[in-house]
file entry13.txt (compact mmCIF, C-alpha atoms)
# COMPACT_ATOMS: atom_id res chain seq x y z
CA MET A 109 -18.78 1.22 24.27
CA ALA A 110 -16.02 1.28 26.80
CA LYS A 111 -12.90 3.32 26.42
CA THR A 112 -9.67 1.43 25.95
CA HIS A 113 -6.58 1.98 28.04
CA VAL A 114 -3.51 2.58 25.87
CA THR A 115 0.13 3.20 26.59
CA MET A 116 2.61 4.60 24.09
CA THR A 117 6.04 6.13 23.98
CA ILE A 118 5.69 9.51 22.29
CA ASN A 119 8.85 11.51 21.60
CA GLY A 120 10.66 9.43 24.22
CA GLN A 121 8.05 9.92 26.94
CA GLU A 122 5.82 7.12 28.13
CA VAL A 123 2.18 8.17 28.17
CA GLU A 124 -1.05 6.43 29.07
CA ALA A 125 -4.59 7.42 28.28
CA LEU A 126 -8.14 6.24 27.79
CA VAL A 127 -9.36 6.42 24.20
CA GLU A 128 -12.55 5.61 22.40
CA PRO A 129 -11.76 2.90 19.82
CA ARG A 130 -12.95 5.19 17.03
CA THR A 131 -10.47 7.94 17.94
CA LEU A 132 -7.99 8.44 15.12
CA LEU A 133 -4.35 8.69 16.07
CA ILE A 134 -4.11 12.25 14.71
CA HIS A 135 -7.00 13.39 16.92
CA PHE A 136 -5.48 11.60 19.91
CA LEU A 137 -2.12 13.29 19.36
CA ARG A 138 -3.50 16.76 18.77
CA GLU A 139 -6.42 16.85 21.19
CA GLN A 140 -5.43 14.52 24.03
CA MET A 141 -1.63 14.80 23.88
CA LEU A 142 -1.72 18.45 22.76
CA LEU A 143 0.88 17.72 20.08
CA THR A 144 -0.36 19.99 17.34
CA GLY A 145 2.72 19.61 15.13
CA PRO A 146 1.19 16.83 13.03
CA HIS A 147 -1.43 18.61 10.95
CA ILE A 148 -4.79 17.63 9.57
CA GLY A 149 -4.78 18.47 5.88
CA CYS A 150 -7.14 16.29 3.88
CA GLU A 151 -8.05 13.73 6.55
CA THR A 152 -8.40 11.19 3.73
CA SER A 153 -4.88 9.70 3.70
CA HIS A 154 -3.83 11.65 0.61
CA CYS A 155 -1.88 14.70 1.75
CA GLY A 156 0.58 13.39 4.35
CA ALA A 157 0.40 16.44 6.64
CA CYS A 158 -0.50 14.11 9.54
CA THR A 159 2.53 11.85 9.02
CA VAL A 160 4.17 10.57 12.20
CA ASP A 161 6.77 7.88 12.78
CA MET A 162 5.26 4.77 14.39
CA ASN A 163 7.42 1.73 15.18
CA ASP A 164 9.99 2.74 12.53
CA MET A 165 7.35 3.36 9.86
CA SER A 166 6.05 6.62 8.42
CA VAL A 167 2.28 6.47 8.81
CA LYS A 168 -0.60 8.80 8.08
CA SER A 169 -2.06 9.23 11.54
CA CYS A 170 -5.48 10.14 10.11
CA THR A 171 -5.83 6.54 8.94
CA VAL A 172 -4.71 4.71 12.08
CA PHE A 173 -6.85 4.30 15.18
CA ALA A 174 -5.17 5.31 18.42
CA VAL A 175 -5.97 1.83 19.78
CA GLN A 176 -3.89 0.32 16.96
CA ALA A 177 -0.94 2.32 18.28
CA ASN A 178 -1.22 0.76 21.73
CA GLY A 179 2.33 -0.08 22.82
CA ALA A 180 3.86 1.80 19.90
CA ASN A 181 6.90 4.04 19.80
CA ILE A 182 5.86 7.29 18.14
CA THR A 183 7.87 10.29 17.02
CA THR A 184 6.21 13.50 15.89
CA ILE A 185 7.78 16.71 14.60
CA GLU A 186 7.97 17.85 18.22
CA GLY A 187 10.49 15.06 18.81
CA MET A 188 12.86 15.94 15.98
CA ALA A 189 15.01 18.67 17.55
CA ALA A 190 17.48 17.88 20.33
CA ALA A 191 16.47 18.53 23.94
CA ASP A 192 18.48 21.76 23.96
CA GLY A 193 16.60 23.01 20.90
CA THR A 194 19.32 22.26 18.36
CA LEU A 195 17.60 21.59 15.05
CA SER A 196 17.93 18.20 13.37
CA ALA A 197 19.78 18.03 10.05
CA LEU A 198 16.44 17.96 8.23
CA GLN A 199 15.04 20.92 10.12
CA GLU A 200 18.23 22.82 9.41
CA GLY A 201 18.00 21.79 5.75
CA PHE A 202 14.44 23.08 5.43
CA ARG A 203 15.56 26.37 7.04
CA MET A 204 18.69 26.79 4.92
CA MET A 205 17.14 25.73 1.60
CA HIS A 206 13.85 27.56 2.10
CA GLY A 207 12.01 24.22 2.01
CA LEU A 208 8.72 25.77 3.02
CA GLN A 209 6.51 28.70 2.33
CA CYS A 210 3.27 28.45 4.30
CA GLY A 211 4.67 25.60 6.38
CA TYR A 212 1.53 23.55 6.63
CA CYS A 213 3.00 20.41 5.06
CA THR A 214 6.39 20.79 6.75
CA PRO A 215 5.88 18.63 9.86
CA GLY A 216 4.71 15.75 7.68
CA MET A 217 7.48 16.34 5.13
CA ILE A 218 10.22 16.36 7.75
CA THR A 219 8.82 13.38 9.63
CA ARG A 220 8.56 11.37 6.41
CA ALA A 221 12.02 12.44 5.22
CA HIS A 222 13.40 11.43 8.62
CA ARG A 223 12.42 7.78 8.02
CA LEU A 224 13.48 7.98 4.36
CA LEU A 225 17.01 9.04 5.32
CA ILE A 226 17.27 6.33 7.99
CA GLU A 227 16.37 3.69 5.38
CA ASN A 228 18.35 5.28 2.56
CA PRO A 229 21.00 7.69 3.87
CA ASP A 230 22.25 8.71 0.43
CA PRO A 231 19.20 8.90 -1.82
CA THR A 232 19.21 10.07 -5.42
CA GLU A 233 16.94 12.95 -6.34
CA ASP A 234 14.52 10.46 -7.86
CA GLU A 235 14.50 8.38 -4.69
CA ILE A 236 13.77 11.49 -2.64
CA ARG A 237 10.91 12.46 -4.93
CA MET A 238 9.39 8.96 -4.80
CA GLY A 239 10.11 8.77 -1.07
CA ILE A 240 8.02 11.87 -0.35
CA ALA A 241 5.37 11.06 -2.93
CA GLY A 242 2.81 10.59 -0.16
CA ASN A 243 3.23 14.19 1.01
CA ILE A 244 1.63 17.07 -0.83
CA CYS A 245 2.97 20.63 -0.82
CA ARG A 246 0.88 23.30 -2.51
CA CYS A 247 3.43 26.13 -2.25
CA THR A 248 6.93 25.18 -3.20
CA GLY A 249 6.71 22.99 -6.26
CA TYR A 250 8.92 20.62 -4.23
CA GLN A 251 12.21 21.96 -5.62
CA ASN A 252 13.42 23.37 -2.33
CA ILE A 253 12.00 20.49 -0.31
CA VAL A 254 14.16 18.12 -2.36
CA LYS A 255 17.17 20.41 -1.81
CA ALA A 256 16.44 20.52 1.91
CA ILE A 257 16.50 16.73 2.10
CA GLN A 258 19.70 16.63 0.01
CA TYR A 259 21.21 19.17 2.38
CA ALA A 260 20.23 17.01 5.36
CA ALA A 261 21.62 13.86 3.74
CA ALA A 262 24.93 15.63 3.10
CA THR A 263 25.04 16.85 6.70
CA ILE A 264 24.28 13.39 8.08
CA ASN A 265 26.91 11.80 5.81
CA GLY A 266 29.45 14.47 6.75
CA VAL A 267 30.03 15.63 3.18
CA PRO A 268 29.74 19.15 1.77
CA PHE A 269 26.41 20.01 0.17
CA HIS A 270 26.56 21.11 -3.44
CA GLU A 271 23.41 22.54 -4.85
CA ALA A 272 22.72 21.02 -8.26
CA ALA A 273 22.74 23.47 -11.15
CA GLU A 274 19.28 24.14 -12.57
CA MET B 260 -14.32 12.98 9.88
CA ILE B 261 -14.97 10.62 12.75
CA PRO B 262 -16.10 7.03 12.29
CA GLY B 263 -19.16 5.62 14.03
CA ARG B 264 -18.72 3.89 17.36
CA PHE B 265 -17.45 0.33 17.47
CA ASP B 266 -15.98 -2.17 19.88
CA TYR B 267 -12.36 -3.06 19.24
CA TYR B 268 -10.79 -6.50 19.52
CA ARG B 269 -7.17 -7.48 19.01
CA PRO B 270 -6.93 -11.27 18.94
CA SER B 271 -3.53 -12.95 19.00
CA SER B 272 -4.37 -15.91 16.77
CA ALA B 273 -6.27 -16.44 13.53
CA GLN B 274 -8.48 -19.04 15.24
CA GLU B 275 -9.43 -16.49 17.88
CA ALA B 276 -10.17 -13.92 15.14
CA VAL B 277 -12.54 -16.18 13.21
CA ALA B 278 -14.22 -17.33 16.44
CA LEU B 279 -14.90 -13.65 17.20
CA LEU B 280 -16.17 -13.03 13.67
CA ALA B 281 -18.53 -16.02 13.96
CA LYS B 282 -19.79 -14.93 17.36
CA LEU B 283 -20.30 -11.27 16.48
CA GLY B 284 -21.91 -11.93 13.10
CA ASP B 285 -22.64 -9.53 10.25
CA GLU B 286 -21.82 -6.37 12.18
CA ALA B 287 -18.19 -7.42 12.67
CA ARG B 288 -15.40 -6.65 10.22
CA PRO B 289 -11.75 -7.72 10.18
CA LEU B 290 -9.19 -4.89 10.07
CA ALA B 291 -5.94 -5.48 8.17
CA GLY B 292 -3.87 -2.44 7.15
CA GLY B 293 -6.98 -0.31 7.37
CA HIS B 294 -6.32 1.91 4.36
CA SER B 295 -9.46 0.79 2.53
CA LEU B 296 -11.72 0.21 5.55
CA ILE B 297 -10.88 3.22 7.74
CA PRO B 298 -11.55 5.78 4.96
CA VAL B 299 -15.02 4.33 4.34
CA MET B 300 -15.66 4.23 8.09
CA LYS B 301 -14.78 7.93 8.27
CA THR B 302 -17.37 8.75 5.63
CA ARG B 303 -19.77 6.30 7.38
CA LEU B 304 -20.20 4.29 4.20
CA ALA B 305 -19.19 1.46 6.54
CA ALA B 306 -20.18 1.41 10.18
CA PRO B 307 -19.19 -1.94 11.67
CA GLU B 308 -20.16 -2.37 15.32
CA HIS B 309 -17.19 -4.60 15.99
CA LEU B 310 -13.70 -4.29 14.56
CA ILE B 311 -11.38 -7.29 14.77
CA ASP B 312 -7.81 -6.02 14.33
CA LEU B 313 -5.65 -8.73 12.74
CA GLY B 314 -2.51 -6.66 13.40
CA GLY B 315 -1.65 -8.56 16.58
CA ILE B 316 -1.49 -11.99 14.93
CA ALA B 317 2.19 -12.68 14.33
CA ASP B 318 1.48 -15.94 12.45
CA LEU B 319 -0.29 -14.04 9.67
CA ARG B 320 2.80 -12.02 8.72
CA GLY B 321 5.89 -13.30 6.97
CA ILE B 322 7.29 -14.88 3.83
CA LYS B 323 8.63 -18.42 3.46
CA VAL B 324 9.46 -20.87 0.71
CA GLU B 325 8.00 -24.41 0.78
CA GLY B 326 9.49 -26.46 -2.05
CA ASP B 327 8.68 -24.57 -5.25
CA THR B 328 6.00 -22.46 -3.58
CA VAL B 329 6.28 -19.08 -1.90
CA VAL B 330 3.88 -18.71 1.03
CA ILE B 331 3.05 -15.14 2.04
CA GLY B 332 1.13 -14.40 5.22
CA ALA B 333 -1.96 -12.29 4.61
CA MET B 334 -0.80 -9.50 6.96
CA THR B 335 2.52 -9.11 5.13
CA THR B 336 2.70 -5.46 4.12
CA GLN B 337 3.53 -3.95 0.74
CA HIS B 338 6.66 -2.55 2.38
CA ASP B 339 7.61 -6.08 3.49
CA LEU B 340 7.14 -7.28 -0.11
CA LEU B 341 9.28 -4.41 -1.42
CA THR B 342 12.15 -5.21 0.93
CA SER B 343 12.05 -9.03 1.01
CA LYS B 344 15.04 -10.84 -0.52
CA LEU B 345 12.93 -14.01 -0.93
CA ILE B 346 10.29 -12.15 -2.93
CA ALA B 347 12.92 -10.35 -5.03
CA GLU B 348 14.49 -13.71 -5.87
CA HIS B 349 11.40 -15.82 -6.49
CA LEU B 350 8.60 -13.43 -7.47
CA PRO B 351 10.17 -10.17 -8.69
CA ILE B 352 6.93 -9.06 -10.36
CA ILE B 353 5.42 -8.58 -6.87
CA PRO B 354 7.69 -5.72 -5.69
CA GLU B 355 7.41 -4.18 -9.16
CA THR B 356 3.66 -4.03 -8.51
CA SER B 357 3.85 -3.07 -4.82
CA ALA B 358 5.95 -0.03 -5.73
CA LEU B 359 3.04 1.28 -7.81
CA ILE B 360 0.48 0.92 -5.03
CA ALA B 361 -0.52 4.01 -3.05
CA ASP B 362 2.42 5.88 -1.44
CA PRO B 363 5.25 5.09 0.98
CA GLN B 364 3.23 5.71 4.15
CA ILE B 365 0.36 3.54 3.01
CA ARG B 366 2.71 0.76 1.86
CA TYR B 367 4.06 0.43 5.42
CA LEU B 368 0.59 -0.60 6.62
CA GLY B 369 -1.30 -1.86 3.57
CA THR B 370 -1.26 -5.65 3.38
CA LEU B 371 -1.29 -8.23 0.62
CA GLY B 372 -4.20 -10.03 2.28
CA GLY B 373 -6.26 -6.87 2.57
CA ASN B 374 -5.52 -5.95 -1.02
CA VAL B 375 -6.61 -9.34 -2.38
CA ALA B 376 -9.58 -9.90 -0.05
CA ASN B 377 -11.27 -6.52 -0.38
CA GLY B 378 -12.72 -7.22 -3.81
CA ASP B 379 -12.04 -3.71 -5.10
CA PRO B 380 -11.32 -3.91 -8.84
CA GLY B 381 -9.01 -0.92 -8.40
CA ASN B 382 -6.61 -2.92 -6.26
CA ASP B 383 -3.50 -4.07 -8.12
CA MET B 384 -2.71 -7.38 -6.45
CA PRO B 385 -5.86 -9.29 -7.50
CA ALA B 386 -5.07 -9.23 -11.24
CA LEU B 387 -1.46 -10.11 -10.47
CA MET B 388 -2.58 -13.02 -8.28
CA MET B 389 -4.79 -14.27 -11.12
CA CYS B 390 -1.88 -13.88 -13.55
CA LEU B 391 0.39 -15.89 -11.21
CA ASP B 392 -2.34 -18.49 -10.50
CA ALA B 393 -2.07 -17.88 -6.75
CA THR B 394 -4.06 -19.86 -4.20
CA PHE B 395 -5.59 -18.19 -1.14
CA THR B 396 -5.83 -20.11 2.11
CA VAL B 397 -8.90 -18.94 4.03
CA LEU B 398 -10.01 -19.70 7.55
CA GLY B 399 -13.50 -19.59 9.03
CA ALA B 400 -15.09 -20.94 12.18
CA GLY B 401 -15.83 -24.11 10.23
CA GLY B 402 -12.21 -24.68 9.28
CA GLU B 403 -9.68 -23.98 6.56
CA ARG B 404 -10.08 -24.19 2.78
CA THR B 405 -8.27 -22.96 -0.29
CA ILE B 406 -9.61 -20.84 -3.15
CA LYS B 407 -7.81 -20.15 -6.43
CA ALA B 408 -7.36 -16.45 -7.16
CA ARG B 409 -8.82 -17.18 -10.59
CA GLU B 410 -12.09 -18.30 -8.91
CA PHE B 411 -12.15 -15.71 -6.12
CA TYR B 412 -13.46 -12.52 -7.72
CA LEU B 413 -17.21 -12.61 -8.38
CA GLY B 414 -18.11 -8.92 -8.59
CA THR B 415 -17.22 -5.49 -7.24
CA TYR B 416 -16.57 -5.99 -3.50
CA TYR B 417 -18.00 -9.49 -3.95
CA THR B 418 -15.65 -12.44 -3.55
CA ALA B 419 -15.80 -16.17 -2.81
CA LEU B 420 -15.07 -15.42 0.86
CA GLU B 421 -17.99 -16.42 3.10
CA THR B 422 -19.05 -14.15 5.94
CA GLY B 423 -16.73 -14.74 8.86
CA GLU B 424 -13.85 -16.06 6.76
CA ILE B 425 -10.48 -14.35 6.48
CA VAL B 426 -7.61 -14.90 4.06
CA THR B 427 -4.68 -16.23 6.09
CA SER B 428 -2.02 -16.79 3.42
CA ILE B 429 -1.30 -16.61 -0.28
CA ARG B 430 0.56 -19.43 -2.04
CA ILE B 431 2.33 -18.73 -5.34
CA LYS B 432 4.63 -20.95 -7.39
CA ALA B 433 8.09 -19.39 -7.62
CA MET B 434 8.99 -17.97 -11.03
CA SER B 435 11.97 -19.49 -12.81
CA LYS B 436 14.92 -17.19 -13.50
CA ALA B 437 14.17 -17.46 -17.23
CA THR B 438 10.65 -16.09 -16.87
CA GLY B 439 9.91 -12.67 -18.34
CA TYR B 440 7.56 -10.47 -16.39
CA ALA B 441 6.23 -6.93 -16.09
CA TYR B 442 3.47 -4.95 -14.42
CA GLU B 443 2.52 -1.76 -16.26
CA LYS B 444 0.13 0.70 -14.65
CA LEU B 445 -1.24 3.97 -15.95
CA LYS B 446 -2.32 6.30 -13.18
CA ARG B 447 -2.95 10.01 -12.98
CA LYS B 448 -0.72 10.54 -9.95
CA VAL B 449 1.04 8.66 -7.16
CA GLY B 450 -1.59 7.08 -4.95
CA ASP B 451 -4.25 6.82 -7.62
CA TYR B 452 -5.91 3.62 -8.71
CA ALA B 453 -5.12 2.45 -12.21
CA THR B 454 -6.73 3.98 -15.24
CA ALA B 455 -5.72 0.58 -16.57
CA ALA B 456 -2.94 -1.85 -15.72
CA ALA B 457 -1.59 -5.14 -17.04
CA ALA B 458 0.43 -7.97 -15.53
CA VAL B 459 2.35 -10.24 -17.89
CA VAL B 460 4.39 -13.37 -17.19
CA LEU B 461 5.82 -15.34 -20.09
CA THR B 462 8.50 -17.85 -21.02
CA VAL B 463 10.41 -18.19 -24.28
CA SER B 464 12.30 -21.15 -25.71
CA GLY B 465 14.29 -20.97 -28.92
CA GLY B 466 12.52 -17.78 -29.94
CA THR B 467 9.04 -19.18 -29.38
CA CYS B 468 6.74 -18.17 -26.55
CA THR B 469 6.06 -21.34 -24.56
CA SER B 470 3.79 -19.98 -21.86
CA ALA B 471 2.04 -16.72 -21.10
CA SER B 472 -0.34 -15.40 -18.52
CA ILE B 473 -2.00 -11.98 -18.46
CA GLY B 474 -4.00 -10.16 -15.79
CA LEU B 475 -5.79 -6.81 -16.17
CA THR B 476 -6.53 -4.33 -13.35
CA ASN B 477 -9.46 -1.91 -13.00
CA VAL B 478 -11.01 -2.31 -16.42
CA ALA B 479 -14.07 -4.35 -15.37
CA GLU B 480 -16.13 -5.11 -12.28
CA THR B 481 -13.50 -7.67 -11.31
CA PRO B 482 -9.83 -8.17 -12.11
CA LEU B 483 -9.53 -10.06 -15.37
CA LEU B 484 -7.54 -13.05 -16.52
CA ALA B 485 -7.02 -12.43 -20.23
CA GLU B 486 -6.86 -16.04 -21.38
CA ASP B 487 -7.47 -15.47 -25.09
CA ALA B 488 -4.83 -12.74 -25.11
CA ALA B 489 -2.32 -15.12 -23.52
CA ALA B 490 -3.29 -17.87 -25.98
CA ALA B 491 -2.52 -15.49 -28.86
CA LEU B 492 1.08 -15.22 -27.63
CA ILE B 493 1.75 -18.90 -26.91
CA GLY B 494 3.41 -20.62 -29.84
CA SER B 495 4.22 -17.32 -31.54
CA SER B 496 7.60 -15.65 -31.89
CA LEU B 497 6.11 -12.67 -30.04
CA ASP B 498 6.06 -10.85 -33.37
CA LYS B 499 3.92 -7.79 -34.00
CA ALA B 500 1.02 -9.78 -35.44
CA ALA B 501 0.78 -11.99 -32.36
CA ILE B 502 1.02 -9.03 -30.00
CA ASP B 503 -1.63 -7.12 -31.98
CA LYS B 504 -3.89 -10.15 -31.68
CA ALA B 505 -3.26 -10.41 -27.93
CA VAL B 506 -3.97 -6.71 -27.40
CA ALA B 507 -7.22 -6.97 -29.37
CA ALA B 508 -8.26 -10.03 -27.35
CA ALA B 509 -7.54 -8.21 -24.09
CA GLU B 510 -9.41 -5.09 -25.15
CA ALA B 511 -12.39 -7.25 -26.12
CA ILE B 512 -12.98 -8.49 -22.56
CA THR B 513 -12.76 -5.13 -20.77
CA ASN B 514 -15.81 -3.27 -19.49
CA PRO B 515 -14.42 -0.30 -17.58
CA ALA B 516 -16.50 2.18 -15.64
CA HIS B 517 -16.83 5.75 -16.87
CA ASP B 518 -15.18 7.77 -14.12
CA ALA B 519 -12.72 10.59 -13.55
CA ARG B 520 -10.01 8.39 -15.05
CA GLY B 521 -11.66 8.49 -18.44
CA THR B 522 -14.31 7.08 -20.70
CA PRO B 523 -14.74 3.34 -21.13
CA GLN B 524 -13.32 3.59 -24.65
CA TYR B 525 -10.20 5.41 -23.43
CA ARG B 526 -9.62 3.03 -20.54
CA THR B 527 -10.04 0.02 -22.82
CA LYS B 528 -7.41 1.43 -25.18
CA MET B 529 -5.13 2.16 -22.24
CA ALA B 530 -5.50 -1.46 -21.10
CA GLY B 531 -4.22 -2.39 -24.56
CA VAL B 532 -1.32 0.07 -24.31
CA MET B 533 -0.36 -1.18 -20.84
CA LEU B 534 -0.48 -4.77 -22.11
CA ARG B 535 1.69 -3.91 -25.12
CA ARG B 536 4.27 -2.22 -22.86
CA ALA B 537 4.20 -5.09 -20.37
CA ILE B 538 4.75 -7.68 -23.09
CA ALA B 539 7.64 -5.66 -24.51
CA ARG B 540 9.32 -5.37 -21.11
CA ALA B 541 8.65 -9.03 -20.24
CA MET B 542 10.32 -10.04 -23.53
CA THR B 543 13.49 -8.18 -22.61
CA ARG B 544 13.62 -10.10 -19.32
CA ALA B 545 12.82 -13.60 -20.65
CA HIS B 546 15.77 -15.91 -21.25
CA GLY B 547 15.68 -19.02 -23.36

call {"tool": "encode", "arguments": {"input": "entry13.txt", "output": "structure tokens"}}
result
Amino acid sequence: MAKTHVTMTINGQEVEALVEPRTLLIHFLREQMLLTGPHIGCETSHCGACTVDMNDMSVKSCTVFAVQANGANITTIEGMAAADGTLSALQEGFRMMHGLQCGYCTPGMITRAHRLLIENPDPTEDEIRMGIAGNICRCTGYQNIVKAIQYAAATINGVPFHEAAE
Amino acid sequence: MIPGRFDYYRPSSAQEAVALLAKLGDEARPLAGGHSLIPVMKTRLAAPEHLIDLGGIADLRGIKVEGDTVVIGAMTTQHDLLTSKLIAEHLPIIPETSALIADPQIRYLGTLGGNVANGDPGNDMPALMMCLDATFTVLGAGGERTIKAREFYLGTYYTALETGEIVTSIRIKAMSKATGYAYEKLKRKVGDYATAAAAVVLTVSGGTCTSASIGLTNVAETPLLAEDAAAALIGSSLDKAAIDKAVAAAEAITNPAHDARGTPQYRTKMAGVMLRRAIARAMTRAHG
């Protein structure tokens, strides 16, 4: 079973590699590309920790073969901050709003929220909650994750962020 | 979890895909969105030697209207269905259902064709396709044929598709603006299959129900078309007695599995509750 030659753009860099067809995208990213930001949580497409952006879609990279991503444009959490290290609005939001505790789900949460805010720059709380419904957090109870995304949306839209009263 | 080894093919036309399936035989499987097949490959419940990825076939993806019929390519994703203006205008019950399938990430890749062709009674689209009297166009090495959704589902993971055939498109008559509709699904959490779900489409004229169609999800070995339940509504004023009769008729044909979602008795009752809610919501949307 021959390896397949693939090329992809990952975080703005063109890469090429040989992959076994059965190699999952998450294993390719972590083990061959050494991008360990996307995490392996459940490995059964439930938890969303492995979420990456592929061709303008949020996908669970544990349920995509690397060969399916041949030619794709991929962004992982490593590609979210600016080249000079300046955090993205979402990363800043997670920092300011304490949107994480253990941090395991955070790369998937931020990568998913990134696509959500591109598609819907001013989401309601309900839209945020449904938008991240494919990502599981076992620490926060989601409250601060939702606030972090609201914070990022406000930043992106250039309006002041007002924390909702509880 | 790493799947068994396989050879990977990415044909650029449906003809090429079915020629490959015919040549490679029983050990070949088509790959659509992959969110049913890849998980079972990871657990090695499935170990195809050849995987034919349909993702490179542009002709299989897209939505168009031909006369009074909406034609949806099999590789059209749930996300496509959720964001399509044509679907919102002509078949609004489809995005209502798509929104209840899996989660956002999975909806970007999961396809209508994969959902209908897999034969999993937990999938939501099959019962909806039966409710809407959809027709599947299928292609094999021997040529093209059509199969009605209502004649497609023969058992759990057992459909009228022959080995080597793939679904290429789904044809559905557009709903009139006056049609009432609803899909109601009970699930334990986002991403879960239905404990029970019901699809209802009905029309009303002068206070009388003039047509009705009902599909039920995940309460038997196959999706169900609840014909007696629909018949109980037609000709009625959709009063409580008629709805009670329809719910009883629907509950009578269920045969749900006993699983983590509940006992057969519970899931049967939930099918009735979902049907009652779907009828109520469809009534609020029906004009005439």

call {"tool": "residues_around", "arguments": {"input": "entry13.txt", "residues": "segment 464-474 of chain B", "least_positions_apart": "2", "cutoff": "9 Å", "atoms": "only C-alpha atoms", "output": "MDAnalysis selection string"}}
result
chainID B and resid 385:392 456:462 476 482:486 488:490 492:497 509 534 546:547

call {"tool": "closest_residue", "arguments": {"input": "entry13.txt", "among": "B:Ala419, B:Ala305, B:Ile365, B:Ile512", "to": "chain A", "atoms": "only C-alpha atoms"}}
result
B:Ile365

call {"tool": "closest_residue", "arguments": {"input": "entry13.txt", "among": "B:Tyr440, B:Tyr525, B:Tyr417, B:Tyr367", "to": "Arg220 of chain A", "atoms": "all atoms listed in the file"}}
result
B:Tyr367

call {"tool": "closest_residue", "arguments": {"input": "entry13.txt", "among": "A:Met217, A:Met205, A:Ile236, A:Val172", "to": "chain B", "atoms": "only C-alpha atoms"}}
result
A:Val172

call {"tool": "interface_residues", "arguments": {"input": "entry13.txt", "of": "chain B", "to": "chain A", "cutoff": "10 Å", "atoms": "all atoms listed in the file", "output": "ChimeraX atom specification"}}
result
/B:260-269,292-302,308,310,312,314-315,338,358,361-368,448-451

call {"tool": "atom_distance", "arguments": {"input": "entry13.txt", "atom1": "atom CA of Ile502 of chain B", "atom2": "atom CA of Thr454 of chain B"}}
result
21.1 Å

call {"tool": "residues_around", "arguments": {"input": "entry13.txt", "residues": "segment 339-354 of chain B", "least_positions_apart": "4", "cutoff": "8 Å", "atoms": "all atoms listed in the file", "output": "compact mmCIF listing (two decimals) with C-alpha atoms, in the frame of the given file"}}
result
# COMPACT_ATOMS: atom_id res chain seq x y z
CA ILE B 322 7.29 -14.88 3.83
CA LYS B 323 8.63 -18.42 3.46
CA VAL B 324 9.46 -20.87 0.71
CA VAL B 329 6.28 -19.08 -1.90
CA THR B 335 2.52 -9.11 5.13
CA ALA B 358 5.95 -0.03 -5.73
CA TYR B 367 4.06 0.43 5.42
CA LEU B 387 -1.46 -10.11 -10.47
CA ALA B 433 8.09 -19.39 -7.62
CA MET B 434 8.99 -17.97 -11.03
CA SER B 435 11.97 -19.49 -12.81
CA LYS B 436 14.92 -17.19 -13.50
CA TYR B 440 7.56 -10.47 -16.39
CA ALA B 441 6.23 -6.93 -16.09
CA TYR B 442 3.47 -4.95 -14.42

call {"tool": "closest_residue", "arguments": {"input": "entry13.txt", "among": "B:Ala437, B:Ala291, B:Ala519, B:Ile429", "to": "Gly369 of chain B", "atoms": "all atoms listed in the file"}}
result
B:Ala291

call {"tool": "residues_around", "arguments": {"input": "entry13.txt", "residues": "segment 225-233 of chain A", "least_positions_apart": "4", "cutoff": "9 Å", "atoms": "all atoms listed in the file", "output": "JSON, numbers by chain"}}
result
{"A": [220, 221, 237, 238, 254, 255, 257, 258, 260, 261, 262, 264, 265]}

call {"tool": "residues_near_point", "arguments": {"input": "entry13.txt", "point": "(19.1, 14.7, 12.9)", "cutoff": "10 Å", "atoms": "all atoms listed in the file", "output": "JSON, numbers by chain"}}
result
{"A": [188, 189, 190, 194, 195, 196, 197, 198, 199, 200, 222, 225, 226, 260, 261, 263, 264]}

call {"tool": "atom_distance", "arguments": {"input": "entry13.txt", "atom1": "atom CA of Ala541 of chain B", "atom2": "atom CA of Ala393 of chain B"}}
result
19.4 Å

call {"tool": "atom_distance", "arguments": {"input": "entry13.txt", "atom1": "atom CA of Tyr452 of chain B", "atom2": "atom CA of Arg526 of chain B"}}
result
12.4 Å

call {"tool": "axis_aligned_box", "arguments": {"input": "entry13.txt", "around": "segment 130-134 of chain A", "padding_each_side": "5 Å", "output": "JSON"}}
result
{"center_x": -8.5, "center_y": 8.7, "center_z": 16.3, "size_x": 18.8, "size_y": 17.1, "size_z": 13.2}
